[in-house]
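Quick notes on the structure that follows.
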Amino acid sequence: MASSTTTDDIRNTVRFTKTVDELQPHEQGYDVASKVERRNRMREIEQKIQLEWEKNRTFEEDASSGDEETFFCNFPYPYMNGRLHLGHAFTITKADFAAGYHRLKGKKVLFPFAFHCTGMPIQASANKLKREIEELYGLENLQKGNFELLEKKQEPKEKQGEDDIDPETAAANKAKGGKTKLLAKTGNVKGKRAKTQWEILQMCSVPEEEIPKFVDPQHWLFYFPPLGQDDLKQFGVHVDWRRSFLTTNTNPYYDSFVQWQFRHLKAQNKIAFGKRATVYSRRDQQACMDHDRASGEGKGPQEYTLIKMQLLPDGVQALSMRLNDDNNNGAKFREATTTSLVYLVAATLRAETMYGQTNCFVLPEGLYGAYQMKNGEIFVCSDHAAVNLAHQAGSDEGDRTAVWGQADHLIDLTGQMLMGLPLKAPNSSYERIYTLPLLTISMTKGTGIVTSVPSDAPDDYAALRDMQTKPELREKYGIEEKMVKDYNPIPIIRIPGGDEEIGVEDFGAMAAVTACQILKVRDQHDKTKLAKIKKSVYNKGFYAGVMTVGSHSGKKVEEAKELVKKELIQEGHALRYWEPEEEIMSRSGDKCIIAFIDQWFLTYGEESWKNSVLEHVRDKTGTEDGREPTGVANTFNAFGVRNEYENTLQWLGNWACSRSFGLGTRVPWDRQFVVESLSDSTIYMAYYAVAHLIQGDNNIKGDVTKSPVPDVSQLTDEVWDYAFLKRDDVPPDCKLDSDILQKMRREFQCWYPFDLRVSGKDLIRNHLTMSLYNHAAIWDQRPDLWPRAFYTNGHVMVDNSKMSKSTGNFISLIDAIAGNNVHLHVPIEKRKFNKVTLKSSAAPDEDAIATTKKPHGFAVGNMVSISKSKNNNGNKEITSVPSDMTFCFASSGEDNSTSTVVEMTAKNWDAHEWRAQSWTTDTVRYALSMAGDTMNDANFESDNANNAILTLENELDWTMRMCTDKEQLRTGDLTIQDQLFLIRMDECIMEADKMYLDMKFSLAIKFAFHDMRNHRKVYRDYHEKCGLAMHSTVIFKFIEQIVIMISPIMTHWSEHVWCHILNKEGSVTRAPWPTTSGLPKELLLQDKYLSDLVTSFRKQLTKKKKGGKKKDAATNNNKKKSAIIFYQPEYPSWKKRLLEWLSGQWDDSIDKFSKDVKEIKADAKKLQQSDDEFKSQKVFLGVVSYVIGQASQIGKVALLSSSPFDECQLLKESQAFLKTSLELEELHICHATNDEEVVEGLDTTDDRQKAEPGNPSLCVL
């Protein structure tokens, strides 16, 4: 089709999503994506069904009055700072499908839902919007879409935090190499402006006139939760909406519940107070816990040892002479040094190696500073480290700075100013060492100062050796030869043995030196080899290394590590220092630090508390780790990831449960603090049991004017105790209505413990494990009330790509099920190039030039994967493309290999097309069920959703035809084919049952839907070929069974068919799970018999006649033939005897042969030699092997001496089917030994003799 839109136009588009109405006929994909009639018809059905559910209160459940089995599942309430998206929906379906399944199994099922508003995300978003309106852009500019920054007064540095951009962009920039603060502020990141909060709200379909109201955090609480509820109702979840609520003290009922919980935890000494190392946001001026973060979730403080290397007097003098006095800071620094010692401080994780220091490294271009500590000492380090240090005042070693949070800055220094300065390094055997340059130092990790231990650190050894052997390098940085010449590595750790992976037989006393020499490391730029050596030496050194120097000589490194650290601190040569394990960005866009702050914290990790949870979580059956079964049932089901919880329990420690501000419940006994958002979300599942009783039905906000308990003060701790802790006595002076109190208790007793909680896998390391902890504390005497199962899944991708707003495949739930969108799909393709020659420059930091023998189509920014080269293996980014035959990328060493393979991954813009991105509720639910059921990232395939629309409509049409044409269906006795279809359905029922129970929904839908329909096709095809009507009972059994079994997933379609096509009473969601027919599975042998027969006879019929010409053979094959099928009910006597003998080798107790197959064959050979009748049969041993093989596949039935079914009846009943399938003009069924059935003029003796039980012969006439 001709197109006025060029590929370049598409490539440069900024819109990857638009509506169907905006799609033009000339655009690729229009013909398919623009057809929405079927989709809209399905949506009309879904809307009608949802109205019926609401009217009939289909999913509302109250406590059972008897002994009915219950099932209570839940989902971590989503955060309400925007609309729900496909990622939320994916995990929600896991609970929803389970709820639907267990209801079909006859249980009372409760699936409640709530909305989370506690913490910093909403507060941060509101603050961000306020800054955009008042400071950054102005309301009028935002309304016009003008995002030029206003001129404004710059904030003081200490008030800014880090980059003033949205946190997602800040995190992404860091991962991509980062940009300057100016670029980040203006939004020009990688050529794209970061989304403002204003735009994010626009993307959530918030009307423009409404957006300014979102500067008030409370407005978010009343805007998004109702939308979330509406979206999920349209999604058809099986939720009891009466019990919904939102969190924070805006809801006084939930607030009362959280306060009760925290008072209990404090009374049990599970909450403590004090200063501790905490991830901290300077902008927010409080702790930044997991749910307050844009990146770095699950990461915490990393403790280092800060080594103090004293700048010797001549070094102080030399540095003073290099200072710039323009701003008088030089004079200030010199004055401070007259009374204070100066230290270059380095952060290390390996304090035990300080005996081997030969020098100190700094970054020549790095920006450093001199900072005065409270005790007068002057520390030289990066600004990054100084900020962390200033906020760690109050730790065990005392205050770092005079004022907490303020670094006493004396002067700025460059790395070049620090070059060649003499130092005194603690524990080093050298009296003085010098500062040397190292170009790989990060100024945002550690202090920017690095200790050098070349004996055990390969990078240090390579850099020191470069300085010793390269005069031009020393001259460049002003390093004198005496500063490096006689500084040889010092042996400090002996590592026994070597490492085969890197080719070292014995590391010896200087592991890094040994390995670098054996692997022939050229210089400090030989990164690939150095990385291998470092990994090996550090690992072997820690676990196998033995100290050979110092006060702990002879001890293993693993033991000496903490002892040496302790000595250095006690002697004043070091102090403890903390940084985040990885970069952590708060939702307010602040790069977090580690600070010591006053706070309340949960004492997770306390031994007895931890052990009680471990006992609950651990496998008790013995089956998960290969042990013998114990006969004891597990108390907790982790669905295959039990070790994840055990590992988390081993490291999760004290958890800050309070913040200075944000949304949430005030700490009951210290109201200056707010309860942290994860800490108030651990046992709220219990609140679902009573929410509707105290808030009132559908009172999501907890409005007291709509509540049956308008006086919240009636909910005393004693009332909560009575309801949840099953205290026997009614609370004295209880003012709560007695009926409500008793209902609260009854609801909790009915539903608790909950049976299943579903979540994304990222919550294992915090929320889910914390939930286990808090249940174990609140119900410490009732482990039977602790969680029974947690199911976790991976994240969801869309068409194998990560969901992203920038690429157009980020899909909100409401757009997926009720929108009218299409998105631009650009396929990603891979191409391989062999015999690419790499020619690197001698300078390791210059690009490599790759020459190929054919044009490649590479572009700057393309990623290529290089293999089979010497030094450049791995993923590389194209830096330039000089011609079609060459390309360049960053090099990691010399390489001239002609056998290199290069694989390019690039988007094929020529093959782009617009695809539907809005479907129906049931088809989205179906596609999500097919996306995946493991901890790996799942994949939502839009084709699955698209195809399901057509499939469901076709199924609906067929079902309606069956109901309309019911009189044309057959009745009466069931044929063999009717019975076979019922047995196939039985298999699907049993397998689907098992898969639903195991939460393997992609397999459940396979058996319940795909396999059922495939079996129906076989049944229908058979009857069409026979010219026979299908059986009414069988067909309607099929319809009912498939409708019931898929109802947990495609609920609306099933409900419509059940209620409006089949005219059944009640909802399909409460129908009983299908029962099996009870027919023996042995009947399936008849199905296999017919299938094998058709296959075998087809081959015989199409076989060319020997010696015939090809043309004659083709003519002969195309001509319709007639044939006779000869069947034989009994084997000859020798085969009967053989089968009886083989049956004697079968052990019914284990359902297999009692001996090894080889042994049975050997015995059979002896039997043949001793028996005249067997001896005369040349095929005897072949028959033995064949029968043994059949028995291993289908069991003892293969050993029967006669056919297990009536072959004559089956063949005659299937005569029409066989005739049509084999395309015969006539087909006769004859007994092989019945002489009366003789065809005149035709000798059929050979064909008759070939027939055996279960293996008839075909005689072509």
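Here's how to read the names in the structure tokens: chain A, B, ... by the order shown, residue numbers from 1 in each chain, ligand numbers from 1 in the order shown.
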
| task | Find the residues near Gln259 of chain A: any atom within 8 Å, counting only C-alpha atoms, skip ones fewer than 2 places away on the same chain, and give them as a VMD selection string. | result | chain A and resid 255 to 257 261 to 263 665 to 668

| strand (DSSP E or B) residues, from DSSP on the backbone, in segment 550-734 of chain A, as number ranges by chain | A: 556, 574-580, 585-586, 591, 593-602, 637, 655-656, 658-659, 663, 666, 674-675

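Residues surrounding Glu562 of chain A within 10 Å are Arg350, Ala351, Glu352, Val557, Glu558, Lys566, Glu567 and Leu568 of chain A [only C-alpha atoms; sequence separation below 4 positions excluded].
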
So that I can check the surroundings of Ser1054 of chain A, please list as a short mmCIF file (atom, residue, chain, number, x, y, z; two decimals) with all heavy atoms, in the first residue's frame every protein, DNA and RNA residue that reaches within 7 Å of it, counting only C-alpha atoms and ignoring chain neighbours fewer than 3 positions away.
data_model
loop_
_atom_site.label_atom_id
_atom_site.label_comp_id
_atom_site.auth_asym_id
_atom_site.auth_seq_id
_atom_site.Cartn_x
_atom_site.Cartn_y
_atom_site.Cartn_z
N VAL A 1043 -17.21 -23.49 30.39
CA VAL A 1043 -17.66 -22.20 30.92
C VAL A 1043 -17.30 -22.08 32.40
O VAL A 1043 -16.81 -21.04 32.85
CB VAL A 1043 -19.18 -22.05 30.71
CG1 VAL A 1043 -19.73 -20.91 31.56
CG2 VAL A 1043 -19.49 -21.79 29.25
N ILE A 1044 -17.50 -23.15 33.16
CA ILE A 1044 -17.17 -23.12 34.59
C ILE A 1044 -15.66 -23.01 34.79
O ILE A 1044 -15.18 -22.19 35.58
CB ILE A 1044 -17.72 -24.37 35.30
CG1 ILE A 1044 -19.25 -24.33 35.34
CG2 ILE A 1044 -17.16 -24.47 36.72
CD1 ILE A 1044 -19.87 -25.63 35.82
N SER A 1047 -14.13 -19.66 34.05
CA SER A 1047 -14.78 -18.51 34.69
C SER A 1047 -13.87 -17.72 35.64
O SER A 1047 -14.05 -16.51 35.76
CB SER A 1047 -16.06 -18.94 35.41
OG SER A 1047 -15.77 -19.79 36.51
N MET A 1050 -11.83 -15.72 32.47
CA MET A 1050 -12.70 -14.96 31.54
C MET A 1050 -14.12 -14.95 32.11
O MET A 1050 -15.04 -15.58 31.59
CB MET A 1050 -12.62 -15.59 30.15
CG MET A 1050 -11.24 -15.41 29.54
SD MET A 1050 -11.02 -16.14 27.91
CE MET A 1050 -10.63 -17.83 28.32
N THR A 1051 -14.25 -14.20 33.19
CA THR A 1051 -15.45 -14.28 34.02
C THR A 1051 -16.69 -13.72 33.35
O THR A 1051 -17.77 -14.29 33.46
CB THR A 1051 -15.21 -13.52 35.35
OG1 THR A 1051 -13.91 -13.85 35.84
CG2 THR A 1051 -16.24 -13.89 36.38
N VAL A 1057 -22.65 -16.52 29.11
CA VAL A 1057 -23.08 -17.80 28.55
C VAL A 1057 -23.92 -18.56 29.57
O VAL A 1057 -24.98 -19.12 29.24
CB VAL A 1057 -21.86 -18.64 28.11
CG1 VAL A 1057 -22.30 -20.04 27.71
CG2 VAL A 1057 -21.13 -17.96 26.96
N TRP A 1058 -23.48 -18.59 30.82
CA TRP A 1058 -24.16 -19.36 31.87
C TRP A 1058 -25.59 -18.83 32.11
O TRP A 1058 -26.54 -19.61 32.16
CB TRP A 1058 -23.33 -19.27 33.14
CG TRP A 1058 -23.79 -20.11 34.29
CD1 TRP A 1058 -24.52 -19.72 35.37
CD2 TRP A 1058 -23.55 -21.51 34.47
NE1 TRP A 1058 -24.74 -20.76 36.22
CE2 TRP A 1058 -24.15 -21.89 35.70
CE3 TRP A 1058 -22.88 -22.48 33.74
CZ2 TRP A 1058 -24.10 -23.18 36.19
CZ3 TRP A 1058 -22.82 -23.77 34.22
CH2 TRP A 1058 -23.43 -24.12 35.43
N VAL A 1068 -22.26 -18.13 37.55
CA VAL A 1068 -21.31 -19.19 37.23
C VAL A 1068 -20.17 -19.22 38.23
O VAL A 1068 -19.53 -20.25 38.44
CB VAL A 1068 -20.77 -19.01 35.79
CG1 VAL A 1068 -19.84 -17.79 35.70
CG2 VAL A 1068 -20.03 -20.26 35.33
#

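You can rank A:Thr70, A:Thr447, A:Ser679, A:Ser244 by their closest distance to His692 of chain A using only C-alpha atoms, and at the top of that list sits A:Ser244.
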
| Proximity to His264 of chain A - best of A:Tyr1127, A:Tyr1022, A:Tyr137, A:Trp669, only C-alpha atoms | A:Trp669

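Taking atom CA of His409 of chain A as the reference point, atom CA of Arg334 of chain A is found at 13.3 Å.
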
| request: Name the residues in contact with Ile133 of chain A at a cut-off of 9 Å, using only C-alpha atoms, excluding same-chain residues fewer than 6 positions from it; report them as a PyMOL selection string. | output: chain A and resi 139-142+198+212+215

Give one line per residue of segment 32-93 of chain A that approaches segment 1069-1078 of chain A to at most 12 Å, naming the two atoms of the closest pair and their distance in Å to one decimal, counting only C-alpha atoms; sort by chain then ascending residue number and deliver it as a tab-separated table.
residue	atom	partner	partner_atom	distance
A:Trp53	CA	A:Thr1069	CA	10.4
A:Thr58	CA	A:Thr1069	CA	8.4
A:Phe59	CA	A:Thr1069	CA	8.9

| request: Tell me which of A:Pro226, A:Pro217, A:Gly503, A:Gly420 sits closest to Gly664 of chain A, counting only C-alpha atoms. | output: A:Pro217

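The shortest atom-to-atom distance to Asn944 of chain A, with only C-alpha atoms taken into account, belongs to A:Ala916 out of A:Ala511, A:Leu1093, A:Lys835, A:Ala916.
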
Find the residues near segment 603-615 of chain A: any atom within 8 Å, counting only C-alpha atoms, skip ones fewer than 6 places away on the same chain, and give them as a short mmCIF file (atom, residue, chain, number, x, y, z; two decimals) with all heavy atoms, in the first residue's frame.
data_model
loop_
_atom_site.label_atom_id
_atom_site.label_comp_id
_atom_site.auth_asym_id
_atom_site.auth_seq_id
_atom_site.Cartn_x
_atom_site.Cartn_y
_atom_site.Cartn_z
N LYS A 270 9.28 -4.80 71.05
CA LYS A 270 9.65 -5.00 69.66
C LYS A 270 10.00 -3.68 68.98
O LYS A 270 10.43 -3.67 67.83
CB LYS A 270 8.49 -5.65 68.87
CG LYS A 270 8.00 -6.97 69.45
CD LYS A 270 9.09 -8.03 69.48
CE LYS A 270 8.53 -9.38 69.93
NZ LYS A 270 9.60 -10.40 70.11
N ILE A 271 9.79 -2.57 69.70
CA ILE A 271 10.13 -1.25 69.18
C ILE A 271 11.08 -0.58 70.16
O ILE A 271 10.86 -0.60 71.37
CB ILE A 271 8.87 -0.38 68.98
CG1 ILE A 271 7.96 -1.01 67.91
CG2 ILE A 271 9.25 1.04 68.56
CD1 ILE A 271 6.68 -0.23 67.66
N ALA A 272 12.15 -0.01 69.63
CA ALA A 272 13.14 0.67 70.47
C ALA A 272 13.42 2.06 69.89
O ALA A 272 12.95 2.40 68.80
CB ALA A 272 14.42 -0.15 70.55
N GLU A 646 14.00 -17.16 53.89
CA GLU A 646 15.00 -17.56 54.88
C GLU A 646 16.23 -16.66 54.78
O GLU A 646 16.79 -16.24 55.80
CB GLU A 646 15.39 -19.03 54.66
CG GLU A 646 14.25 -20.00 54.98
CD GLU A 646 14.67 -21.45 54.81
OE1 GLU A 646 15.86 -21.71 54.55
OE2 GLU A 646 13.80 -22.33 54.93
N LEU A 649 15.40 -13.20 56.22
CA LEU A 649 15.34 -13.24 57.68
C LEU A 649 16.73 -13.24 58.30
O LEU A 649 16.93 -12.76 59.42
CB LEU A 649 14.56 -14.49 58.14
CG LEU A 649 13.04 -14.40 57.97
CD1 LEU A 649 12.41 -15.78 58.06
CD2 LEU A 649 12.44 -13.46 59.00
N GLN A 650 17.72 -13.74 57.57
CA GLN A 650 19.07 -13.80 58.12
C GLN A 650 19.75 -12.43 58.12
O GLN A 650 20.65 -12.18 58.93
CB GLN A 650 19.93 -14.80 57.32
CG GLN A 650 19.48 -16.24 57.45
CD GLN A 650 19.55 -16.77 58.87
OE1 GLN A 650 20.12 -16.16 59.76
NE2 GLN A 650 18.95 -17.93 59.11
N TRP A 651 19.34 -11.53 57.21
CA TRP A 651 20.04 -10.23 57.17
C TRP A 651 19.17 -9.05 57.60
O TRP A 651 19.70 -8.00 58.00
CB TRP A 651 20.61 -9.95 55.78
CG TRP A 651 19.63 -9.80 54.67
CD1 TRP A 651 19.31 -10.72 53.74
CD2 TRP A 651 18.81 -8.64 54.36
NE1 TRP A 651 18.35 -10.23 52.87
CE2 TRP A 651 18.03 -8.95 53.24
CE3 TRP A 651 18.67 -7.38 54.93
CZ2 TRP A 651 17.13 -8.06 52.67
CZ3 TRP A 651 17.77 -6.49 54.37
CH2 TRP A 651 17.02 -6.83 53.26
N LEU A 652 17.85 -9.17 57.51
CA LEU A 652 16.99 -8.03 57.85
C LEU A 652 17.13 -7.69 59.32
O LEU A 652 16.89 -8.52 60.19
CB LEU A 652 15.53 -8.35 57.51
CG LEU A 652 14.53 -7.20 57.74
CD1 LEU A 652 14.85 -6.01 56.85
CD2 LEU A 652 13.10 -7.69 57.48
N GLY A 653 17.53 -6.44 59.60
CA GLY A 653 17.75 -6.02 60.98
C GLY A 653 16.86 -4.85 61.37
O GLY A 653 15.77 -4.67 60.82
N ASN A 654 17.31 -4.06 62.32
CA ASN A 654 16.53 -2.93 62.83
C ASN A 654 15.96 -2.09 61.68
O ASN A 654 16.67 -1.75 60.73
CB ASN A 654 17.40 -2.04 63.71
CG ASN A 654 17.81 -2.73 64.99
OD1 ASN A 654 17.15 -3.68 65.43
ND2 ASN A 654 18.89 -2.29 65.60
N TRP A 655 14.68 -1.76 61.80
CA TRP A 655 13.98 -1.07 60.71
C TRP A 655 13.35 0.21 61.25
O TRP A 655 12.52 0.16 62.15
CB TRP A 655 12.90 -1.98 60.14
CG TRP A 655 12.16 -1.37 58.97
CD1 TRP A 655 11.06 -0.57 59.03
CD2 TRP A 655 12.49 -1.52 57.60
NE1 TRP A 655 10.67 -0.21 57.77
CE2 TRP A 655 11.53 -0.78 56.86
CE3 TRP A 655 13.49 -2.20 56.90
CZ2 TRP A 655 11.55 -0.70 55.47
CZ3 TRP A 655 13.51 -2.13 55.51
CH2 TRP A 655 12.55 -1.39 54.81
N LEU A 772 5.43 -11.25 58.16
CA LEU A 772 5.64 -12.47 58.96
C LEU A 772 6.09 -12.10 60.37
O LEU A 772 5.59 -12.66 61.36
CB LEU A 772 6.68 -13.35 58.27
CG LEU A 772 6.26 -14.02 56.96
CD1 LEU A 772 7.47 -14.62 56.26
CD2 LEU A 772 5.23 -15.10 57.23
N TYR A 773 7.03 -11.17 60.46
CA TYR A 773 7.53 -10.73 61.77
C TYR A 773 6.39 -10.19 62.64
O TYR A 773 6.23 -10.57 63.80
CB TYR A 773 8.58 -9.64 61.58
CG TYR A 773 10.02 -10.10 61.67
CD1 TYR A 773 10.89 -9.94 60.59
CD2 TYR A 773 10.52 -10.67 62.83
CE1 TYR A 773 12.22 -10.34 60.66
CE2 TYR A 773 11.85 -11.07 62.92
CZ TYR A 773 12.69 -10.91 61.83
OH TYR A 773 14.00 -11.30 61.92
N ALA A 776 3.92 -12.64 63.89
CA ALA A 776 4.51 -13.45 64.96
C ALA A 776 4.57 -12.70 66.27
O ALA A 776 4.61 -13.31 67.35
CB ALA A 776 5.91 -13.90 64.55
N ALA A 777 4.56 -11.36 66.21
CA ALA A 777 4.60 -10.56 67.44
C ALA A 777 3.20 -10.34 68.01
O ALA A 777 2.96 -10.54 69.20
CB ALA A 777 5.27 -9.22 67.16
#
